[in-house]
Amino acid sequence: MKTDELITMLASGANAVEPHALRRRYALALGWGAFGTTLLMTILLGVRPDLAAAAQLPMFWVKLAFPAALAAGALLATVRLSRPGVRLGRVPAAMAAPVLAVWLLAAVVLLGAAPAERPQLVYGDTWVYCPIIIAALSVPLFGALLWAMKGLAPTRLVLAGASAGLLAGAGGALIYALHCTEITAPFLGIWYVLGMSIPAAVGAAIGPWVLRW
Amino acid sequence: MSASEDRLKDLLVRALAGDAPAYHAFLQELSAHLRAFLRGRLSRLPDEVEDLVQETLLAVHNQRHTYDAGQPLTAWIHAIARYKLVDLLRRRAGRDALNDPLDDEIEVFAASDTAADDARRDLAKLLERLPDRQRLPIIHMKLQGLSVIEAARMTGMSEAAIKVGVHRGLKALAAMIRDER
């Protein structure tokens, strides 16, 4: 087939393209993914029984705001990485900001605490499973996001995979925060960050293979 | 921006709204720019140029829903062409050197070359390997120029299945090209 014939073939009967294809795809993926992650959490763990009491504590809201802010940045990055030729601009800085803020808070808390209290602030009671559970809860979101991205056109596949993974991880952490009773900044800054990093690392590793087009 | 950029962008925006003649003109002009751009970068692999022009055109077509009219067309086209170029070079890694594909995106529309060599890979042959539910819609709609309704009548498929068949068939074609090398 000559190139001119290919062009005629591609143009023949080409109809209008849906203008908001990207937005619709991500809305669908986030909707189904969040549903799956919430369902998984409800079945496996359940919401903490003292949620109403916990909601009185400012740190509870920090624990929700932190993954939410990271998810917002990661969503922006994911959307930009899905279109060829769109630069990330300041998005990486916007993603680093909530992490740095939590680390700063953690440093203040640790420095202000008595040495004997510090291990409890860092490890809490659940540090062993927290990262694993966050990573596990992110799976439905991660799958849905990879599906959405696969139908678009990422050209930087390692970054694109990492960004989708981080978004899924932040979503998983956000949902998990409704179950988890840990409430210290050092705990968030280490174990939540680690938990969200697992799907991001997996995404970076499988991106070039899964997202190719 | 250059005159080419403005004209091509205008054509593409109309094409995305359903103007098939504008789309034909867009692809025609784009192919000449792609050929010049890729020839410059594949000087050691001249035989690959026309194949890659075709592969990139197919990619532009399959991914055209990712173009945002607020975005410079040069950046979008350059990123797609570079992606396909790097993909090709990676598959042949070690055997051939490349002439810096990581260049400035302004260059995509800088030159134009309408002298097409013959492609080595025959897309018509690849098309024959598609399953009927994808191959027949493409043949009737895209090669014979029938409407969706006529193609549906010819094949006994539903109109929705015809549209899906064309869409998935062209994506499958791109995947076959990608995996054959």
# chains A, B, ... in the order shown; residues from 1 in each chain; ligands from 1

$ residues_around --residues "B:Leu27" --least-positions-apart "6" --cutoff "10 Å" --atoms "only C-alpha atoms" --output "list of chain:residue names"
A:Thr3, A:Asp4, A:Leu6, A:Ile7, A:Thr8, A:Leu10, A:Ala11, B:Leu8, B:Leu11, B:Leu12, B:Ala15, B:Pro21, B:His33, B:Leu34, B:Leu57, B:Leu58, B:Val60, B:His61

$ residues_around --residues "B:Ala20" --least-positions-apart "6" --cutoff "9 Å" --atoms "only C-alpha atoms" --output "list in words"
Ala11, Ser12, Gly13, Ala14, Asn15 and Ala16 of chain A; Arg14 of chain B

$ closest_atom_pairs --of "chain B" --to "chain A" --cutoff "8 Å" --atoms "only C-alpha atoms" --output "JSON lines"
{"residue": "B:Ala15", "atom": "CA", "partner": "A:Ala16", "partner_atom": "CA", "distance": 7.1}
{"residue": "B:Leu16", "atom": "CA", "partner": "A:Ala16", "partner_atom": "CA", "distance": 5.1}
{"residue": "B:Ala17", "atom": "CA", "partner": "A:Ala16", "partner_atom": "CA", "distance": 4.5}
{"residue": "B:Gly18", "atom": "CA", "partner": "A:Ala16", "partner_atom": "CA", "distance": 3.7}
{"residue": "B:Asp19", "atom": "CA", "partner": "A:Asn15", "partner_atom": "CA", "distance": 7.2}
{"residue": "B:Ala20", "atom": "CA", "partner": "A:Ala14", "partner_atom": "CA", "distance": 5.6}
{"residue": "B:Pro21", "atom": "CA", "partner": "A:Ala11", "partner_atom": "CA", "distance": 7.3}
{"residue": "B:Tyr23", "atom": "CA", "partner": "A:Ala11", "partner_atom": "CA", "distance": 5.8}
{"residue": "B:His24", "atom": "CA", "partner": "A:Ala11", "partner_atom": "CA", "distance": 5.1}
{"residue": "B:Leu27", "atom": "CA", "partner": "A:Ile7", "partner_atom": "CA", "distance": 6.2}
{"residue": "B:Gln28", "atom": "CA", "partner": "A:Ile7", "partner_atom": "CA", "distance": 6.7}
{"residue": "B:Glu50", "atom": "CA", "partner": "A:Thr3", "partner_atom": "CA", "distance": 7.7}
{"residue": "B:Val53", "atom": "CA", "partner": "A:Thr3", "partner_atom": "CA", "distance": 7.9}
{"residue": "B:Gln54", "atom": "CA", "partner": "A:Thr3", "partner_atom": "CA", "distance": 6.2}
{"residue": "B:Leu57", "atom": "CA", "partner": "A:Ile7", "partner_atom": "CA", "distance": 7.8}
{"residue": "B:Leu58", "atom": "CA", "partner": "A:Leu10", "partner_atom": "CA", "distance": 7.7}
{"residue": "B:His61", "atom": "CA", "partner": "A:Leu10", "partner_atom": "CA", "distance": 7.1}
{"residue": "B:Gln63", "atom": "CA", "partner": "A:Ala153", "partner_atom": "CA", "distance": 6.3}
{"residue": "B:Arg64", "atom": "CA", "partner": "A:Val17", "partner_atom": "CA", "distance": 8.0}
{"residue": "B:His65", "atom": "CA", "partner": "A:Val17", "partner_atom": "CA", "distance": 6.2}
{"residue": "B:Thr66", "atom": "CA", "partner": "A:Arg83", "partner_atom": "CA", "distance": 5.6}
{"residue": "B:Tyr67", "atom": "CA", "partner": "A:Arg83", "partner_atom": "CA", "distance": 7.0}
{"residue": "B:Gln71", "atom": "CA", "partner": "A:Val86", "partner_atom": "CA", "distance": 7.7}
{"residue": "B:Ala75", "atom": "CA", "partner": "A:Gly85", "partner_atom": "CA", "distance": 4.7}
{"residue": "B:Trp76", "atom": "CA", "partner": "A:Gly85", "partner_atom": "CA", "distance": 4.6}
{"residue": "B:Ile77", "atom": "CA", "partner": "A:Gly85", "partner_atom": "CA", "distance": 7.6}
{"residue": "B:His78", "atom": "CA", "partner": "A:Gly85", "partner_atom": "CA", "distance": 7.1}
{"residue": "B:Ala79", "atom": "CA", "partner": "A:Gly85", "partner_atom": "CA", "distance": 5.0}
{"residue": "B:Ile80", "atom": "CA", "partner": "A:Pro84", "partner_atom": "CA", "distance": 6.1}
{"residue": "B:Tyr83", "atom": "CA", "partner": "A:Thr155", "partner_atom": "CA", "distance": 6.0}
{"residue": "B:Ala116", "atom": "CA", "partner": "A:Thr3", "partner_atom": "CA", "distance": 7.5}
{"residue": "B:Asp118", "atom": "CA", "partner": "A:Lys2", "partner_atom": "CA", "distance": 6.6}
{"residue": "B:Ala119", "atom": "CA", "partner": "A:Lys2", "partner_atom": "CA", "distance": 6.6}
{"residue": "B:Asp122", "atom": "CA", "partner": "A:Met1", "partner_atom": "CA", "distance": 5.3}
{"residue": "B:Leu123", "atom": "CA", "partner": "A:Met1", "partner_atom": "CA", "distance": 5.6}
{"residue": "B:Ala124", "atom": "CA", "partner": "A:Met1", "partner_atom": "CA", "distance": 5.5}
{"residue": "B:Met141", "atom": "CA", "partner": "A:Gly13", "partner_atom": "CA", "distance": 6.8}
{"residue": "B:Lys142", "atom": "CA", "partner": "A:Met9", "partner_atom": "CA", "distance": 4.9}
{"residue": "B:Leu143", "atom": "CA", "partner": "A:Met9", "partner_atom": "CA", "distance": 5.5}
{"residue": "B:Gly145", "atom": "CA", "partner": "A:Ser12", "partner_atom": "CA", "distance": 6.2}
{"residue": "B:Ser147", "atom": "CA", "partner": "A:Gly13", "partner_atom": "CA", "distance": 7.2}
{"residue": "B:Ala174", "atom": "CA", "partner": "A:Trp213", "partner_atom": "CA", "distance": 7.6}
{"residue": "B:Ala175", "atom": "CA", "partner": "A:Trp213", "partner_atom": "CA", "distance": 6.9}
{"residue": "B:Arg178", "atom": "CA", "partner": "A:Trp213", "partner_atom": "CA", "distance": 7.9}

$ write_last_selection --atoms "N, CA and C atoms" --output "compact mmCIF listing (two decimals), in the first residue's frame"
# COMPACT_ATOMS: atom_id res chain seq x y z
N ALA B 15 -10.97 18.74 10.75
CA ALA B 15 -11.05 17.29 10.59
C ALA B 15 -11.64 16.63 11.84
N LEU B 16 -11.23 17.11 12.99
CA LEU B 16 -11.72 16.51 14.24
C LEU B 16 -13.20 16.79 14.44
N ALA B 17 -13.70 17.82 13.74
CA ALA B 17 -15.14 18.11 13.81
C ALA B 17 -15.91 17.32 12.75
N GLY B 18 -15.21 16.50 11.98
CA GLY B 18 -15.91 15.63 11.03
C GLY B 18 -15.75 15.98 9.57
N ASP B 19 -14.83 16.91 9.24
CA ASP B 19 -14.62 17.33 7.86
C ASP B 19 -13.58 16.42 7.20
N ALA B 20 -14.07 15.40 6.47
CA ALA B 20 -13.15 14.40 5.89
C ALA B 20 -12.21 14.98 4.82
N PRO B 21 -12.68 15.86 3.91
CA PRO B 21 -11.73 16.44 2.95
C PRO B 21 -10.61 17.24 3.63
N TYR B 23 -9.44 16.59 6.51
CA TYR B 23 -8.58 15.59 7.11
C TYR B 23 -7.63 15.00 6.06
N HIS B 24 -8.16 14.77 4.86
CA HIS B 24 -7.32 14.25 3.78
C HIS B 24 -6.20 15.23 3.47
N LEU B 27 -3.57 15.17 6.31
CA LEU B 27 -2.68 14.01 6.29
C LEU B 27 -1.69 14.09 5.13
N GLN B 28 -2.19 14.60 3.99
CA GLN B 28 -1.34 14.73 2.81
C GLN B 28 -0.15 15.65 3.10
N GLU B 50 9.90 5.35 4.61
CA GLU B 50 8.50 5.36 4.20
C GLU B 50 7.64 4.49 5.12
N VAL B 53 6.98 6.65 8.05
CA VAL B 53 6.00 7.69 7.71
C VAL B 53 4.60 7.09 7.84
N GLN B 54 4.42 5.90 7.29
CA GLN B 54 3.10 5.26 7.34
C GLN B 54 2.71 4.90 8.77
N LEU B 57 1.69 8.09 10.50
CA LEU B 57 0.37 8.56 10.07
C LEU B 57 -0.74 7.75 10.74
N LEU B 58 -0.53 6.44 10.79
CA LEU B 58 -1.52 5.58 11.43
C LEU B 58 -1.64 5.92 12.92
N HIS B 61 -3.55 9.07 13.34
CA HIS B 61 -4.98 8.80 13.15
C HIS B 61 -5.58 8.13 14.39
N GLN B 63 -4.59 8.09 17.41
CA GLN B 63 -4.47 8.86 18.65
C GLN B 63 -4.99 10.29 18.48
N ARG B 64 -5.73 10.56 17.41
CA ARG B 64 -6.09 11.96 17.14
C ARG B 64 -7.00 12.54 18.20
N HIS B 65 -7.68 11.69 18.98
CA HIS B 65 -8.52 12.20 20.06
C HIS B 65 -7.70 12.78 21.21
N THR B 66 -6.38 12.63 21.19
CA THR B 66 -5.57 13.21 22.27
C THR B 66 -5.07 14.61 21.92
N TYR B 67 -5.43 15.11 20.72
CA TYR B 67 -5.00 16.48 20.40
C TYR B 67 -5.93 17.49 21.06
N GLN B 71 -3.26 23.44 22.25
CA GLN B 71 -1.86 23.01 22.32
C GLN B 71 -1.21 23.27 20.96
N ALA B 75 4.18 20.64 18.68
CA ALA B 75 4.60 19.85 19.85
C ALA B 75 3.95 18.47 19.82
N TRP B 76 2.67 18.45 19.44
CA TRP B 76 1.93 17.17 19.44
C TRP B 76 2.49 16.24 18.38
N ILE B 77 2.66 16.77 17.15
CA ILE B 77 3.17 15.94 16.06
C ILE B 77 4.61 15.49 16.35
N HIS B 78 5.40 16.42 16.84
CA HIS B 78 6.80 16.08 17.10
C HIS B 78 6.90 14.96 18.13
N ALA B 79 6.07 15.04 19.18
CA ALA B 79 6.13 14.02 20.22
C ALA B 79 5.73 12.65 19.67
N ILE B 80 4.74 12.62 18.79
CA ILE B 80 4.32 11.34 18.21
C ILE B 80 5.40 10.80 17.27
N TYR B 83 8.32 9.63 19.25
CA TYR B 83 8.01 8.38 19.96
C TYR B 83 8.15 7.18 19.02
N ALA B 116 7.82 10.17 -2.29
CA ALA B 116 7.73 8.98 -1.46
C ALA B 116 8.44 7.82 -2.13
N ASP B 118 8.87 3.61 -2.15
CA ASP B 118 7.92 2.55 -1.86
C ASP B 118 8.13 2.09 -0.43
N ALA B 119 7.01 1.86 0.26
CA ALA B 119 7.12 1.28 1.59
C ALA B 119 7.55 -0.17 1.43
N ASP B 122 3.95 -3.94 3.40
CA ASP B 122 2.70 -3.66 2.71
C ASP B 122 1.54 -3.74 3.69
N LEU B 123 0.97 -2.56 3.98
CA LEU B 123 -0.13 -2.53 4.94
C LEU B 123 -1.34 -3.31 4.44
N ALA B 124 -1.50 -3.37 3.11
CA ALA B 124 -2.63 -4.12 2.57
C ALA B 124 -2.53 -5.60 2.96
N MET B 141 -15.79 0.39 4.38
CA MET B 141 -15.92 1.81 4.71
C MET B 141 -14.72 2.63 4.28
N LYS B 142 -13.53 2.12 4.57
CA LYS B 142 -12.35 2.94 4.38
C LYS B 142 -11.74 2.77 2.99
N LEU B 143 -11.86 1.60 2.39
CA LEU B 143 -11.25 1.41 1.07
C LEU B 143 -12.26 1.58 -0.05
N GLY B 145 -15.21 3.12 0.42
CA GLY B 145 -15.91 4.38 0.63
C GLY B 145 -17.41 4.25 0.86
N SER B 147 -20.89 4.01 3.11
CA SER B 147 -21.31 4.61 4.38
C SER B 147 -21.47 3.49 5.42
N ALA B 174 -1.87 -1.10 13.84
CA ALA B 174 -0.72 -0.43 14.46
C ALA B 174 0.03 -1.39 15.37
N ALA B 175 -0.72 -2.24 16.10
CA ALA B 175 -0.07 -3.20 17.00
C ALA B 175 0.71 -4.25 16.22
N ARG B 178 3.94 -2.76 15.11
CA ARG B 178 4.83 -2.59 16.25
C ARG B 178 5.49 -3.92 16.63

$ select_by_dssp --residues "stretch 6-177 of chain B" --states "helix (DSSP H, G or I)" --output "ChimeraX atom specification"
/B:6-16,20-41,46-62,64-66,73-91,105-109,123-128,132-143,148-155,159-177

$ residues_around --residues "A:Trp61" --least-positions-apart "3" --cutoff "12 Å" --atoms "only C-alpha atoms" --output "list in words"
Leu51, Ala54, Ala55, Gln56, Leu57, Pro58, Leu64, Ala65, Phe66, Pro67, Ala68, Ala69, Leu174, Ala177, Leu178, Ile183, Thr184 and Ala185 of chain A

$ write_last_selection --atoms "N, CA and C atoms" --output "mmCIF file, in the first residue's frame"
data_model
loop_
_atom_site.group_PDB
_atom_site.id
_atom_site.type_symbol
_atom_site.label_atom_id
_atom_site.label_comp_id
_atom_site.auth_asym_id
_atom_site.auth_seq_id
_atom_site.Cartn_x
_atom_site.Cartn_y
_atom_site.Cartn_z
ATOM 1 N N LEU A 51 -15.087 6.666 63.877
ATOM 2 C CA LEU A 51 -14.798 7.686 62.857
ATOM 3 C C LEU A 51 -15.278 9.076 63.286
ATOM 4 N N ALA A 54 -12.942 10.486 65.762
ATOM 5 C CA ALA A 54 -11.650 10.797 65.149
ATOM 6 C C ALA A 54 -11.731 12.083 64.334
ATOM 7 N N ALA A 55 -12.910 12.328 63.741
ATOM 8 C CA ALA A 55 -13.072 13.504 62.887
ATOM 9 C C ALA A 55 -12.956 14.802 63.675
ATOM 10 N N GLN A 56 -12.958 14.701 65.004
ATOM 11 C CA GLN A 56 -12.778 15.901 65.826
ATOM 12 C C GLN A 56 -11.319 16.340 65.849
ATOM 13 N N LEU A 57 -10.410 15.414 65.546
ATOM 14 C CA LEU A 57 -8.986 15.725 65.655
ATOM 15 C C LEU A 57 -8.464 16.378 64.381
ATOM 16 N N PRO A 58 -7.719 17.476 64.521
ATOM 17 C CA PRO A 58 -7.154 18.114 63.325
ATOM 18 C C PRO A 58 -6.256 17.167 62.522
ATOM 19 N N LEU A 64 -6.166 12.998 55.789
ATOM 20 C CA LEU A 64 -6.945 12.933 54.539
ATOM 21 C C LEU A 64 -6.410 13.921 53.503
ATOM 22 N N ALA A 65 -6.028 15.113 53.987
ATOM 23 C CA ALA A 65 -5.599 16.164 53.060
ATOM 24 C C ALA A 65 -4.293 15.793 52.356
ATOM 25 N N PHE A 66 -3.425 15.079 53.077
ATOM 26 C CA PHE A 66 -2.124 14.747 52.501
ATOM 27 C C PHE A 66 -2.253 13.865 51.252
ATOM 28 N N PRO A 67 -2.882 12.681 51.336
ATOM 29 C CA PRO A 67 -3.029 11.917 50.086
ATOM 30 C C PRO A 67 -3.921 12.615 49.062
ATOM 31 N N ALA A 68 -4.902 13.399 49.541
ATOM 32 C CA ALA A 68 -5.782 14.093 48.584
ATOM 33 C C ALA A 68 -4.982 15.096 47.758
ATOM 34 N N ALA A 69 -4.084 15.848 48.421
ATOM 35 C CA ALA A 69 -3.269 16.832 47.697
ATOM 36 C C ALA A 69 -2.326 16.137 46.716
ATOM 37 N N LEU A 174 -5.907 7.440 50.665
ATOM 38 C CA LEU A 174 -7.038 8.282 51.081
ATOM 39 C C LEU A 174 -8.164 7.415 51.654
ATOM 40 N N ALA A 177 -7.151 5.748 54.960
ATOM 41 C CA ALA A 177 -7.120 6.666 56.099
ATOM 42 C C ALA A 177 -8.426 6.622 56.885
ATOM 43 N N LEU A 178 -9.495 6.111 56.256
ATOM 44 C CA LEU A 178 -10.775 6.005 56.963
ATOM 45 C C LEU A 178 -10.808 4.782 57.885
ATOM 46 N N ILE A 183 -2.048 8.332 63.670
ATOM 47 C CA ILE A 183 -2.404 9.731 63.496
ATOM 48 C C ILE A 183 -1.211 10.677 63.628
ATOM 49 N N THR A 184 0.013 10.125 63.609
ATOM 50 C CA THR A 184 1.158 11.019 63.766
ATOM 51 C C THR A 184 1.763 11.377 62.411
ATOM 52 N N ALA A 185 2.332 12.565 62.334
ATOM 53 C CA ALA A 185 2.959 13.016 61.093
ATOM 54 C C ALA A 185 4.145 12.142 60.691
#

$ atom_distance --atom1 "atom CA of B:Leu45" --atom2 "atom CA of B:Arg92"
10.6 Å

$ closest_residue --among "A:Pro186, A:Met59, A:Ala93, A:Asp125" --to "A:Ala113" --atoms "only C-alpha atoms"
A:Pro186

$ residues_around --residues "B:Ala151" --least-positions-apart "2" --cutoff "9 Å" --atoms "only C-alpha atoms" --output "list in words"
Leu136, Pro137, His140, Met141, Leu146, Ser147, Val148, Ile149, Arg153, Met154, Thr155, Gly156, Met157, Glu159 and Ile162 of chain B

$ residues_around --residues "B:Leu130" --least-positions-apart "4" --cutoff "8 Å" --atoms "only C-alpha atoms" --output "PyMOL selection string"
chain B and resi 126+134-135+169+172-173

$ residues_around --residues "A:Ala144" --least-positions-apart "5" --cutoff "10 Å" --atoms "only C-alpha atoms" --output "list in words"
Arg25, Tyr26, Leu28, Ala29, Leu30, Gly31, Trp32, Gly33, Ala34, Gly36, Val139, Met149, Lys150, Ala164 and Ala168 of chain A

$ atom_distance --atom1 "atom CA of A:Ala74" --atom2 "atom CA of A:Ala148"
14.5 Å

$ residues_around --residues "B:Thr114" --least-positions-apart "3" --cutoff "8 Å" --atoms "only C-alpha atoms" --output "PyMOL selection string"
chain B and resi 31-32+35

$ atom_distance --atom1 "atom CA of A:Ala200" --atom2 "atom CA of A:Val158"
9.8 Å
